[in-house]
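> So here's run-v3.cif (mmCIF, C-alpha atoms).
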data_upload
loop_
_atom_site.label_atom_id
_atom_site.label_comp_id
_atom_site.auth_asym_id
_atom_site.auth_seq_id
_atom_site.Cartn_x
_atom_site.Cartn_y
_atom_site.Cartn_z
CA MET A 1 4.89 126.34 153.35
CA ARG A 2 8.07 124.27 152.93
CA ARG A 3 9.54 122.41 155.90
CA LEU A 4 11.60 124.83 158.00
CA ARG A 5 14.06 124.64 160.84
CA VAL A 6 12.45 126.79 163.53
CA LEU A 7 14.23 127.81 166.74
CA VAL A 8 11.64 128.85 169.34
CA LEU A 9 12.93 131.19 172.08
CA MET A 10 11.03 131.20 175.38
CA HIS A 11 11.44 131.58 179.13
CA PRO A 12 13.22 128.50 180.58
CA ASP A 13 10.30 127.79 182.94
CA PHE A 14 7.94 127.39 179.99
CA VAL A 15 9.85 124.97 177.77
CA PRO A 16 6.95 122.62 176.98
CA PRO A 17 6.81 118.85 177.48
CA GLU A 18 6.19 116.47 174.59
CA SER A 19 2.72 115.83 176.01
CA THR A 20 0.49 117.52 178.60
CA GLU A 21 -0.56 114.16 180.02
CA GLY A 22 -0.10 114.13 183.79
CA TYR A 23 -0.03 117.91 184.11
CA THR A 24 -2.62 119.90 186.08
CA ALA A 25 -4.88 122.42 184.37
CA ARG A 26 -2.98 125.22 186.11
CA GLN A 27 0.38 123.92 184.86
CA ILE A 28 -0.93 123.55 181.33
CA ASN A 29 -2.37 127.07 181.41
CA GLU A 30 1.00 128.54 182.43
CA LEU A 31 2.83 127.17 179.38
CA LYS A 32 -0.06 126.97 176.93
CA THR A 33 1.45 129.45 174.46
CA GLU A 34 4.79 127.65 174.25
CA TYR A 35 3.14 124.23 174.03
CA ASP A 36 0.65 125.32 171.37
CA VAL A 37 3.31 126.98 169.20
CA VAL A 38 5.83 124.14 169.38
CA SER A 39 3.31 121.31 168.95
CA THR A 40 1.42 123.03 166.12
CA LEU A 41 4.56 123.90 164.16
CA ARG A 42 5.75 120.30 164.52
CA ALA A 43 2.38 119.03 163.34
CA SER A 44 2.77 121.35 160.32
CA GLY A 45 5.94 119.44 159.40
CA HIS A 46 8.60 121.86 160.65
CA ASN A 47 11.76 120.84 162.49
CA VAL A 48 11.24 122.72 165.76
CA ARG A 49 13.77 123.25 168.57
CA PRO A 50 12.62 125.01 171.78
CA LEU A 51 15.27 126.96 173.69
CA GLY A 52 14.87 128.47 177.15
CA VAL A 53 16.61 131.85 177.44
CA GLN A 54 16.86 134.19 180.42
CA GLU A 55 20.32 135.38 181.46
CA GLU A 56 22.79 134.20 178.82
CA ILE A 57 23.14 135.24 175.19
CA LYS A 58 25.67 132.51 174.45
CA PRO A 59 23.09 129.67 174.15
CA VAL A 60 21.21 131.66 171.50
CA ARG A 61 24.34 132.17 169.41
CA GLU A 62 25.37 128.53 169.80
CA ALA A 63 21.91 127.25 168.82
CA ILE A 64 21.88 129.46 165.73
CA GLU A 65 25.37 128.35 164.68
CA GLU A 66 24.64 124.65 165.24
CA PHE A 67 20.94 124.36 164.25
CA LYS A 68 21.08 126.99 161.47
CA PRO A 69 17.37 127.89 161.73
CA HIS A 70 15.54 129.31 158.74
CA VAL A 71 13.64 131.50 161.22
CA VAL A 72 13.48 132.15 164.96
CA PHE A 73 10.02 132.19 166.58
CA ASN A 74 10.44 134.76 169.35
CA LEU A 75 8.25 134.11 172.41
CA LEU A 76 10.49 136.01 174.85
CA GLU A 77 8.85 138.85 176.77
CA GLN A 78 11.84 139.67 178.96
CA PHE A 79 15.56 139.13 179.45
CA HIS A 80 17.46 139.12 182.74
CA HIS A 81 13.96 139.15 184.30
CA GLU A 82 13.41 142.66 182.88
CA PRO A 83 10.55 143.27 180.40
CA VAL A 84 12.25 146.48 179.21
CA TYR A 85 15.06 144.33 177.77
CA ASP A 86 12.76 142.42 175.43
CA GLN A 87 13.82 144.45 172.38
CA HIS A 88 17.46 143.35 172.68
CA ILE A 89 16.85 139.79 171.46
CA PRO A 90 15.40 140.94 168.10
CA SER A 91 18.31 143.41 167.90
CA LEU A 92 20.76 140.52 168.36
CA LEU A 93 18.97 138.46 165.71
CA GLU A 94 19.12 141.38 163.28
CA LEU A 95 22.86 141.77 163.91
CA MET A 96 23.27 138.03 163.22
CA GLN A 97 21.07 138.43 160.11
CA VAL A 98 18.68 135.70 161.26
CA PRO A 99 14.98 136.05 160.35
CA TYR A 100 12.68 136.19 163.37
CA THR A 101 8.97 136.45 164.04
CA GLY A 102 7.07 139.26 165.68
CA CYS A 103 7.85 142.90 166.19
CA ASN A 104 11.05 144.77 165.42
CA PRO A 105 13.10 146.41 168.22
CA ARG A 106 11.95 149.98 167.53
CA GLY A 107 8.28 149.03 167.66
CA LEU A 108 8.84 147.14 170.92
CA ILE A 109 10.43 150.24 172.47
CA LEU A 110 7.73 152.65 171.29
CA ALA A 111 4.90 150.40 172.48
CA ARG A 112 6.51 149.43 175.80
CA GLY A 113 6.25 152.83 177.47
CA LYS A 114 2.56 153.59 177.97
CA ASP A 115 3.31 157.31 178.18
CA LEU A 116 5.32 157.44 174.95
CA SER A 117 2.84 155.36 172.96
CA LYS A 118 -0.08 157.50 174.15
CA THR A 119 1.80 160.69 173.29
CA LEU A 120 2.58 159.49 169.77
CA VAL A 121 -0.96 158.26 169.16
CA HIS A 122 -2.50 161.47 170.52
CA PHE A 123 -0.31 163.42 168.07
CA ARG A 124 -2.21 161.53 165.33
CA ARG A 125 -5.48 162.96 166.77
CA ILE A 126 -6.64 159.70 168.27
CA ALA A 127 -8.27 159.98 171.70
CA VAL A 128 -6.24 158.79 174.69
CA PRO A 129 -7.07 159.04 178.41
CA ALA A 130 -5.44 161.98 180.20
CA PHE A 131 -2.46 160.67 182.19
CA ALA A 132 0.49 161.51 184.40
CA VAL A 133 3.68 159.55 185.14
CA PHE A 134 5.05 159.14 188.66
CA PRO A 135 8.75 158.15 188.61
CA MET A 136 10.34 156.07 191.33
CA ARG A 137 11.25 157.93 194.54
CA HIS A 138 9.35 161.08 193.55
CA LYS A 139 6.61 162.72 195.58
CA VAL A 140 3.12 161.96 194.31
CA LYS A 141 1.20 165.09 193.41
CA ARG A 142 -1.78 164.86 191.09
CA PRO A 143 -1.77 167.52 188.35
CA ALA A 144 -4.84 169.74 188.48
CA ARG A 145 -5.72 168.77 184.89
CA LEU A 146 -6.05 165.09 185.90
CA ALA A 147 -9.53 164.46 187.28
CA LEU A 148 -10.46 161.56 189.53
CA PRO A 149 -11.19 158.65 189.32
CA LEU A 150 -7.92 157.31 187.90
CA ILE A 151 -6.51 153.88 187.19
CA VAL A 152 -2.91 153.32 188.32
CA LYS A 153 -0.65 150.88 186.47
CA SER A 154 2.97 150.03 185.94
CA LEU A 155 4.45 152.26 183.25
CA ASN A 156 5.90 149.40 181.25
CA GLU A 157 4.70 146.01 182.53
CA ASP A 158 2.03 144.20 180.55
CA GLY A 159 -0.28 141.23 181.06
CA SER A 160 -2.25 143.24 183.68
CA PHE A 161 0.64 142.70 186.12
CA GLY A 162 -0.05 144.64 189.32
CA ILE A 163 -3.61 145.58 188.34
CA SER A 164 -6.49 144.86 190.74
CA GLN A 165 -9.72 146.57 191.81
CA ALA A 166 -7.57 148.70 194.12
CA SER A 167 -5.88 150.16 191.01
CA ILE A 168 -8.87 152.46 190.53
CA VAL A 169 -8.54 155.39 192.92
CA ASP A 170 -10.95 158.22 193.71
CA THR A 171 -8.94 160.26 196.24
CA ASP A 172 -5.44 161.73 196.32
CA GLU A 173 -4.66 159.55 199.34
CA LYS A 174 -5.57 156.38 197.46
CA LEU A 175 -3.58 157.62 194.46
CA ALA A 176 -0.45 158.00 196.61
CA GLU A 177 -1.00 154.55 198.14
CA ARG A 178 -1.39 152.83 194.80
CA VAL A 179 1.58 154.60 193.21
CA ALA A 180 3.65 153.46 196.21
CA PHE A 181 2.37 149.90 195.64
CA VAL A 182 3.53 149.96 192.01
CA HIS A 183 6.91 151.41 192.98
CA GLU A 184 7.51 148.90 195.78
CA ARG A 185 5.80 145.72 194.61
CA VAL A 186 6.13 145.96 190.83
CA GLY A 187 9.40 147.90 190.86
CA THR A 188 8.67 150.36 188.05
CA ALA A 189 7.45 153.91 187.56
CA ALA A 190 3.67 154.28 187.69
CA ILE A 191 1.22 155.83 185.27
CA ALA A 192 -2.15 157.15 186.43
CA GLU A 193 -4.68 157.69 183.70
CA GLN A 194 -8.26 158.81 183.45
CA TYR A 195 -10.54 155.86 184.17
CA ILE A 196 -12.78 155.28 181.16
CA GLU A 197 -16.07 153.56 181.94
CA GLY A 198 -16.89 151.51 178.88
CA ARG A 199 -16.34 148.37 176.83
CA GLU A 200 -12.96 146.62 176.71
CA LEU A 201 -12.09 146.02 173.05
CA TYR A 202 -9.10 144.36 171.39
CA VAL A 203 -8.09 144.46 167.74
CA GLY A 204 -5.45 142.13 166.31
CA VAL A 205 -3.32 143.28 163.37
CA LEU A 206 -1.21 140.94 161.26
CA GLY A 207 1.41 142.07 158.74
CA ASN A 208 4.49 144.12 157.92
CA ASN A 209 3.47 146.44 155.09
CA ARG A 210 0.15 145.07 153.89
CA LEU A 211 -1.92 144.71 157.04
CA ARG A 212 -4.74 142.33 157.87
CA VAL A 213 -6.95 143.68 160.65
CA LEU A 214 -8.83 141.03 162.60
CA PRO A 215 -12.43 141.37 163.85
CA VAL A 216 -13.05 143.58 166.88
CA TRP A 217 -12.92 141.40 169.98
CA GLU A 218 -14.43 142.16 173.38
CA LEU A 219 -13.60 141.09 176.92
CA LYS A 220 -16.99 140.39 178.52
CA PHE A 221 -17.05 140.55 182.31
CA GLY A 222 -19.97 138.23 183.06
CA THR A 223 -21.51 138.55 186.53
CA MET A 224 -18.75 140.49 188.28
CA GLY A 225 -21.40 142.40 190.22
CA GLY A 226 -20.36 145.69 191.79
CA ALA A 227 -16.70 145.36 190.80
CA ARG A 228 -15.34 147.73 188.18
CA HIS A 229 -15.10 146.08 184.79
CA ILE A 230 -11.33 146.18 184.26
CA ALA A 231 -8.84 143.56 183.09
CA THR A 232 -7.18 142.78 186.42
CA GLU A 233 -4.62 140.02 186.89
CA LYS A 234 -7.43 137.87 188.30
CA VAL A 235 -9.71 138.54 185.33
CA LYS A 236 -6.93 137.84 182.82
CA HIS A 237 -5.25 134.80 184.35
CA ASP A 238 -7.40 133.06 187.00
CA THR A 239 -9.23 130.39 185.02
CA ASP A 240 -11.33 129.29 188.03
CA TYR A 241 -12.54 132.86 188.56
CA GLN A 242 -13.25 133.30 184.85
CA GLU A 243 -15.43 130.20 184.84
CA ARG A 244 -17.18 131.11 188.10
CA VAL A 245 -18.34 134.58 187.02
CA GLY A 246 -18.58 133.95 183.27
CA ILE A 247 -15.70 136.06 181.96
CA VAL A 248 -15.21 135.36 178.25
CA ASP A 249 -13.84 137.07 175.18
CA GLY A 250 -15.47 137.00 171.80
CA PRO A 251 -16.69 139.05 168.85
CA ALA A 252 -18.10 142.49 169.65
CA ASP A 253 -21.20 141.48 167.71
CA ASP A 254 -23.59 144.31 168.54
CA LEU A 255 -21.38 147.11 167.22
CA ALA A 256 -22.77 148.88 164.16
CA PRO A 257 -20.81 148.03 160.99
CA GLU A 258 -19.57 151.62 160.65
CA VAL A 259 -18.32 151.56 164.27
CA GLN A 260 -16.53 148.25 163.68
CA ALA A 261 -14.90 149.71 160.58
CA ARG A 262 -13.84 152.88 162.44
CA ILE A 263 -12.26 150.84 165.23
CA GLN A 264 -10.37 148.66 162.75
CA ARG A 265 -9.11 151.70 160.80
CA THR A 266 -7.95 153.28 164.04
CA ALA A 267 -6.11 150.10 165.06
CA LYS A 268 -4.30 150.09 161.72
CA ARG A 269 -3.29 153.75 162.14
CA ILE A 270 -1.92 153.07 165.63
CA TYR A 271 -0.01 149.99 164.44
CA ARG A 272 1.69 152.09 161.77
CA THR A 273 2.25 155.09 164.07
CA LEU A 274 4.16 152.93 166.56
CA GLY A 275 6.21 151.19 163.88
CA LEU A 276 4.85 147.71 164.67
CA ASP A 277 5.20 144.72 162.38
CA GLY A 278 4.74 140.95 162.49
CA TYR A 279 1.65 140.83 164.67
CA GLY A 280 0.20 142.99 167.42
CA ARG A 281 -2.92 143.76 169.41
CA ILE A 282 -4.33 147.23 170.02
CA ASP A 283 -6.43 147.71 173.17
CA PHE A 284 -9.26 150.24 173.42
CA ARG A 285 -12.03 151.43 175.70
CA LEU A 286 -15.27 152.43 173.99
CA ALA A 287 -17.12 154.96 176.14
CA ALA A 288 -20.90 155.23 176.26
CA ASP A 289 -20.81 158.45 174.21
CA GLY A 290 -19.04 156.59 171.38
CA THR A 291 -15.55 157.98 172.02
CA LEU A 292 -12.89 155.38 171.28
CA TYR A 293 -9.89 155.66 173.62
CA PHE A 294 -6.54 154.05 172.86
CA ILE A 295 -5.30 152.26 175.99
CA GLU A 296 -2.15 150.44 174.89
CA ALA A 297 -0.46 148.48 172.12
CA ASN A 298 0.77 144.92 172.60
CA PRO A 299 3.41 143.82 170.09
CA ASN A 300 3.87 140.03 170.14
CA PRO A 301 0.68 139.45 172.16
CA GLU A 302 -0.32 136.08 173.63
CA ILE A 303 -0.50 133.67 170.72
CA ALA A 304 -1.91 130.55 172.42
CA LYS A 305 -4.67 128.80 170.53
CA SER A 306 -7.28 129.80 173.14
CA GLN A 307 -6.23 133.46 173.42
CA GLU A 308 -8.07 136.34 171.77
CA PHE A 309 -5.58 136.93 168.93
CA ALA A 310 -5.84 133.35 167.68
CA THR A 311 -9.59 133.07 168.26
CA ALA A 312 -10.18 136.34 166.37
CA ALA A 313 -8.05 135.01 163.50
CA GLN A 314 -10.06 131.77 163.53
CA HIS A 315 -13.27 133.81 163.39
CA ASP A 316 -11.79 135.63 160.38
CA GLY A 317 -11.12 132.36 158.53
CA LEU A 318 -7.47 131.86 159.51
CA ASP A 319 -7.01 128.65 161.50
CA TYR A 320 -4.28 128.25 164.11
CA PRO A 321 -1.72 126.38 161.95
CA GLY A 322 -2.35 128.92 159.20
CA LEU A 323 -1.82 131.80 161.64
CA LEU A 324 1.50 130.46 162.91
CA ASN A 325 2.74 129.74 159.39
CA ARG A 326 1.71 133.24 158.34
CA ILE A 327 3.73 134.67 161.25
CA LEU A 328 6.75 132.61 160.14
CA ALA A 329 6.34 133.84 156.57
CA LEU A 330 6.18 137.48 157.72
CA GLY A 331 9.45 137.09 159.63
CA ILE A 332 11.18 135.53 156.65
CA SER A 333 9.82 138.06 154.13
CA ARG A 334 10.95 141.01 156.31
CA ALA A 335 14.49 139.62 156.35
CA LYS A 336 14.48 139.00 152.58
CA ALA A 337 13.30 142.56 152.00
CA GLY A 338 16.32 143.81 153.93
CA VAL A 339 14.01 145.71 156.27
CA SER A 340 15.65 146.66 159.55
CA VAL A 341 13.64 149.18 161.52
CA GLY A 342 15.33 148.45 164.81
#
Turn this file's structure into structure tokens for me.


Amino acid sequence: MRRLRVLVLMHPDFVPPESTEGYTARQINELKTEYDVVSTLRASGHNVRPLGVQEEIKPVREAIEEFKPHVVFNLLEQFHHEPVYDQHIPSLLELMQVPYTGCNPRGLILARGKDLSKTLVHFRRIAVPAFAVFPMRHKVKRPARLALPLIVKSLNEDGSFGISQASIVDTDEKLAERVAFVHERVGTAAIAEQYIEGRELYVGVLGNNRLRVLPVWELKFGTMGGARHIATEKVKHDTDYQERVGIVDGPADDLAPEVQARIQRTAKRIYRTLGLDGYGRIDFRLAADGTLYFIEANPNPEIAKSQEFATAAQHDGLDYPGLLNRILALGISRAKAGVSVG
């Protein structure tokens, strides 16, 4: 790829240093995505400018007018501290006719609400857990059709935010308590869905029209003992805990080839159903009886070198610099095609 001017948008707290020397492992882990993207693109020969964005649009406009980027690498997951505003930055970039990486605004909206994405996917005859939504300041009453145990989550937060072992409830009293926790501590509506005992599988998808589906990846829970095997905040983000109990992600090697192929086909169908493009990750639970349940879609998932999207791509023959350059190329080609699905 030719040398490009790349403006990288990110949260101001995660603007990376030139070097990680002198930083603790915890500090490095917090900004690993931003550091990996910026340093790798620079090593690939691109002229890269990081920009922290949170509450002001003006700096984005000024950077675009002054730097004149060929493409914007969008690492923002929120604006004004609100994840539900994440689609507005791609909308702004489309209005300014600036190519950008990752998912379009419409796909971000459809994937953000766990209830809407499940409804759309279920319409395509793909299995989803039974669920109910509990809006803020509404009385919690479990529908008769919704059998216990359930797992209670924020309706539209991602990254396992607010999820712990206490998220799995087996009584109506515990359901009410956990919904109240989500309302008060997370500050969003809650979704309670059928708890699926099974394997935690992730499938990365790369592309706009022609899609490349990455190998099926699995979150392996090590020696967690009697705890339920769910992707809690601790499991996802506490590196000390991961090392202590042996939590790793890697290829789902023991799946039969036909099962692997079915999971990959299903991921592609979901990606298209939700109008995703750029790159995304589809999360599943595979039950013991072989039923594959769609859990959620993650447009613009974690793209750090050590995270499952990049490691699955590496396993599929696409190294990290190649992956980032492919993501840049997809953003540029979408803009050249005049595609605006936002």

> So which residues get picked by the PyMOL selection byres ((chain A and resi 32-34) around 8) here, written as a list in words?

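So the PyMOL selection byres ((chain A and resi 32-34) around 8), applied here, picks out Met10, Phe14, Val15, Pro16, Ile28, Asn29, Glu30, Leu31, Tyr35, Asp36, Val37, Val38, Leu75, Glu302, Ile303, Ala304 and Lys305 of chain A.
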
> Can you pull out every residue within 12 Å of Arg2 (chain A), counting only C-alpha atoms, but drop anything in the same chain fewer than 2 positions away, and send it as a ChimeraX atom specification?

/A:4-6,41,44-47,70,325,328-329

> Selected residues, C-alpha atoms, written as a short mmCIF file (atom, residue, chain, number, x, y, z; two decimals), in the coordinates of the input, please.


data_model
loop_
_atom_site.label_atom_id
_atom_site.label_comp_id
_atom_site.auth_asym_id
_atom_site.auth_seq_id
_atom_site.Cartn_x
_atom_site.Cartn_y
_atom_site.Cartn_z
CA LEU A 4 11.60 124.83 158.00
CA ARG A 5 14.06 124.64 160.84
CA VAL A 6 12.45 126.79 163.53
CA LEU A 41 4.56 123.90 164.16
CA SER A 44 2.77 121.35 160.32
CA GLY A 45 5.94 119.44 159.40
CA HIS A 46 8.60 121.86 160.65
CA ASN A 47 11.76 120.84 162.49
CA HIS A 70 15.54 129.31 158.74
CA ASN A 325 2.74 129.74 159.39
CA LEU A 328 6.75 132.61 160.14
CA ALA A 329 6.34 133.84 156.57
#

> Measuring atom to atom with only C-alpha atoms, identify which of A:Ala231, A:Ala63, A:Ala297, A:Met1 is nearest to Leu116 (chain A).

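When distances to Leu116 (chain A) are compared using only C-alpha atoms, the smallest one comes from A:Ala297.
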
> Once the PyMOL selection byres ((chain A and resi 214-216) around 12) is applied to the coordinates I shared, what remains selected? I want it as a ChimeraX atom specification.

/A:199-207,211-213,217-219,249-257,259-268,279-286,308-318,323

> For Glu66 (chain A), please output as a list in words all residues within 12 Å (counting all atoms listed in the file; exclusion window: fewer than 3 positions along the same chain).

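Using all atoms listed in the file, the neighbours found are Arg5, Leu7, Arg49, Pro59, Val60, Arg61, Glu62, Ala63 and Pro69 of chain A.
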
> Where's the centre, and what are the edge lengths in Å to one decimal, of a box along x, y and z enclosing all listed atoms of region 46-56 of chain A padded 4 Å per side, as lines of an AutoDock Vina configuration file?


center_x = 15.7
center_y = 128.1
center_z = 171.1
size_x = 22.2
size_y = 22.5
size_z = 28.8

> Restricting the calculation to all atoms listed in the file: of A:Lys118, A:Lys220, A:Arg106, A:Lys234, which residue gets closest to Gly246 (chain A)?

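Result for the nearest residue to Gly246 (chain A): A:Lys220.
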
> When you draw a straight line from CA of Gly102 (chain A) to CA of Lys336 (chain A), how long is it in Å?

15.1 Å

> Could you give me, as a PDB file with C-alpha atoms, in the coordinates of the input, the residues that have an atom at most 9 Å away from the point (17.9, 148.9, 169.1) in the coordinates of the file, using all atoms listed in the file?


ATOM      1  CA  GLN A  87      13.820 144.450 172.380  1.00  0.00           C
ATOM      2  CA  HIS A  88      17.460 143.350 172.680  1.00  0.00           C
ATOM      3  CA  PRO A  90      15.400 140.940 168.100  1.00  0.00           C
ATOM      4  CA  SER A  91      18.310 143.410 167.900  1.00  0.00           C
ATOM      5  CA  LEU A  92      20.760 140.520 168.360  1.00  0.00           C
ATOM      6  CA  ASN A 104      11.050 144.770 165.420  1.00  0.00           C
ATOM      7  CA  PRO A 105      13.100 146.410 168.220  1.00  0.00           C
ATOM      8  CA  ARG A 106      11.950 149.980 167.530  1.00  0.00           C
ATOM      9  CA  ILE A 109      10.430 150.240 172.470  1.00  0.00           C
ATOM     10  CA  VAL A 341      13.640 149.180 161.520  1.00  0.00           C
ATOM     11  CA  GLY A 342      15.330 148.450 164.810  1.00  0.00           C
TER      12      GLY A 342
END

> Might you pull out every residue within 10 Å of region 162-166 of chain A, with only C-alpha atoms counted and same-chain residues fewer than 4 positions away left off, and present them as JSON, numbers by chain?

{"A": [151, 152, 153, 154, 157, 158, 174, 175, 177, 178, 181, 182, 185, 186, 227, 228, 229, 230, 231, 232, 233, 234, 235]}

> In Å, rounded to a single decimal, give me how far CA of Asp115 (chain A) is from CA of Asn74 (chain A).

25.2 Å

> Spell out the residues picked by the PyMOL selection byres ((chain A and resi 120) around 12) here, as a list in words.

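That expression, the PyMOL selection byres ((chain A and resi 120) around 12), corresponds here to Leu110, Ala111, Gly113, Lys114, Asp115, Leu116, Ser117, Lys118, Thr119, Val121, His122, Phe123, Arg124, Arg125, Ile126, Ala127, Val128, Arg269, Ile270, Tyr271, Arg272, Thr273, Leu274, Gly275, Phe294, Glu296 and Ala297 of chain A.
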
> With all atoms listed in the file as the atoms that count, which of A:His138, A:Arg244, A:Val84, A:Leu324 lies nearest to Ser39 (chain A)?

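Closest to Ser39 (chain A) of all the choices is A:Leu324.
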
> Counting all atoms listed in the file, which residues have an atom no more than 10 Å from (11.3, 135.0, 169.8) in the file's coordinates? Please list them as a PyMOL selection string.

chain A and resi 7-11+51+53+71-77+86+89-90+93+100-103+300

> Give me, please, the distance in Å between CA of Asp240 (chain A) and CA of Glu82 (chain A), quoted to one decimal.

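So the answer is 28.6 Å.
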
> Would you please work out which residue, of A:Met136, A:Ala287, A:Leu292, A:Ile64, is nearest to Glu184 (chain A) when using all atoms listed in the file?

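Distance minimum relative to Glu184 (chain A) lands on A:Met136.
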
> Find the spatial neighbours of region 95-99 of chain A, counting all atoms listed in the file, within a cut-off of 6 Å - ignore same-chain residues fewer than 5 positions away - and output them as a compact mmCIF listing (two decimals) with C-alpha atoms, keeping the file's coordinate frame.


# COMPACT_ATOMS: atom_id res chain seq x y z
CA VAL A 71 13.64 131.50 161.22
CA GLY A 331 9.45 137.09 159.63
CA ILE A 332 11.18 135.53 156.65
CA ALA A 335 14.49 139.62 156.35

> Which residue is closest to Gln307 (chain A)? Choose from A:Arg3, A:Ile327, A:Arg137, A:His237 and count all atoms listed in the file.

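Checking each of A:Arg3, A:Ile327, A:Arg137, A:His237 against Gln307 (chain A), counting all atoms listed in the file, the winner is A:His237.
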
> Generate the coordinates of N, CA, C and O atoms for region 70-83 of chain A; report them as a tab-separated table (two decimals), keeping the file's coordinate frame.


chain	number	residue	atom	x	y	z
A	70	HIS	N	16.02	128.41	159.80
A	70	HIS	CA	15.54	129.31	158.74
A	70	HIS	C	14.91	130.56	159.36
A	70	HIS	O	14.92	131.63	158.75
A	71	VAL	N	14.34	130.39	160.56
A	71	VAL	CA	13.64	131.50	161.22
A	71	VAL	C	13.59	131.20	162.72
A	71	VAL	O	13.52	130.03	163.13
A	72	VAL	N	13.64	132.26	163.52
A	72	VAL	CA	13.48	132.15	164.96
A	72	VAL	C	12.08	132.61	165.34
A	72	VAL	O	11.66	133.71	164.94
A	73	PHE	N	11.34	131.79	166.08
A	73	PHE	CA	10.02	132.19	166.58
A	73	PHE	C	10.26	132.76	167.98
A	73	PHE	O	10.61	132.04	168.91
A	74	ASN	N	10.08	134.06	168.12
A	74	ASN	CA	10.44	134.76	169.35
A	74	ASN	C	9.24	134.84	170.30
A	74	ASN	O	8.31	135.60	170.07
A	75	LEU	N	9.29	134.05	171.39
A	75	LEU	CA	8.25	134.11	172.41
A	75	LEU	C	8.75	134.77	173.70
A	75	LEU	O	8.06	134.74	174.72
A	76	LEU	N	9.94	135.36	173.65
A	76	LEU	CA	10.49	136.01	174.85
A	76	LEU	C	9.80	137.34	175.11
A	76	LEU	O	9.62	138.15	174.19
A	77	GLU	N	9.45	137.58	176.36
A	77	GLU	CA	8.85	138.85	176.77
A	77	GLU	C	9.74	139.60	177.74
A	77	GLU	O	9.36	140.66	178.23
A	78	GLN	N	10.92	139.02	178.06
A	78	GLN	CA	11.84	139.67	178.96
A	78	GLN	C	13.22	139.04	178.81
A	78	GLN	O	13.37	137.99	178.19
A	79	PHE	N	14.21	139.69	179.37
A	79	PHE	CA	15.56	139.13	179.45
A	79	PHE	C	16.18	139.63	180.74
A	79	PHE	O	15.95	140.79	181.12
A	80	HIS	N	16.95	138.78	181.41
A	80	HIS	CA	17.46	139.12	182.74
A	80	HIS	C	16.31	139.52	183.67
A	80	HIS	O	16.46	140.41	184.52
A	81	HIS	N	15.14	138.89	183.47
A	81	HIS	CA	13.96	139.15	184.30
A	81	HIS	C	13.42	140.57	184.14
A	81	HIS	O	12.63	141.03	184.95
A	82	GLU	N	13.82	141.27	183.09
A	82	GLU	CA	13.41	142.66	182.88
A	82	GLU	C	12.62	142.77	181.57
A	82	GLU	O	13.18	142.59	180.48
A	83	PRO	N	11.32	143.10	181.63
A	83	PRO	CA	10.55	143.27	180.40
A	83	PRO	C	11.11	144.36	179.48
A	83	PRO	O	10.99	144.25	178.26
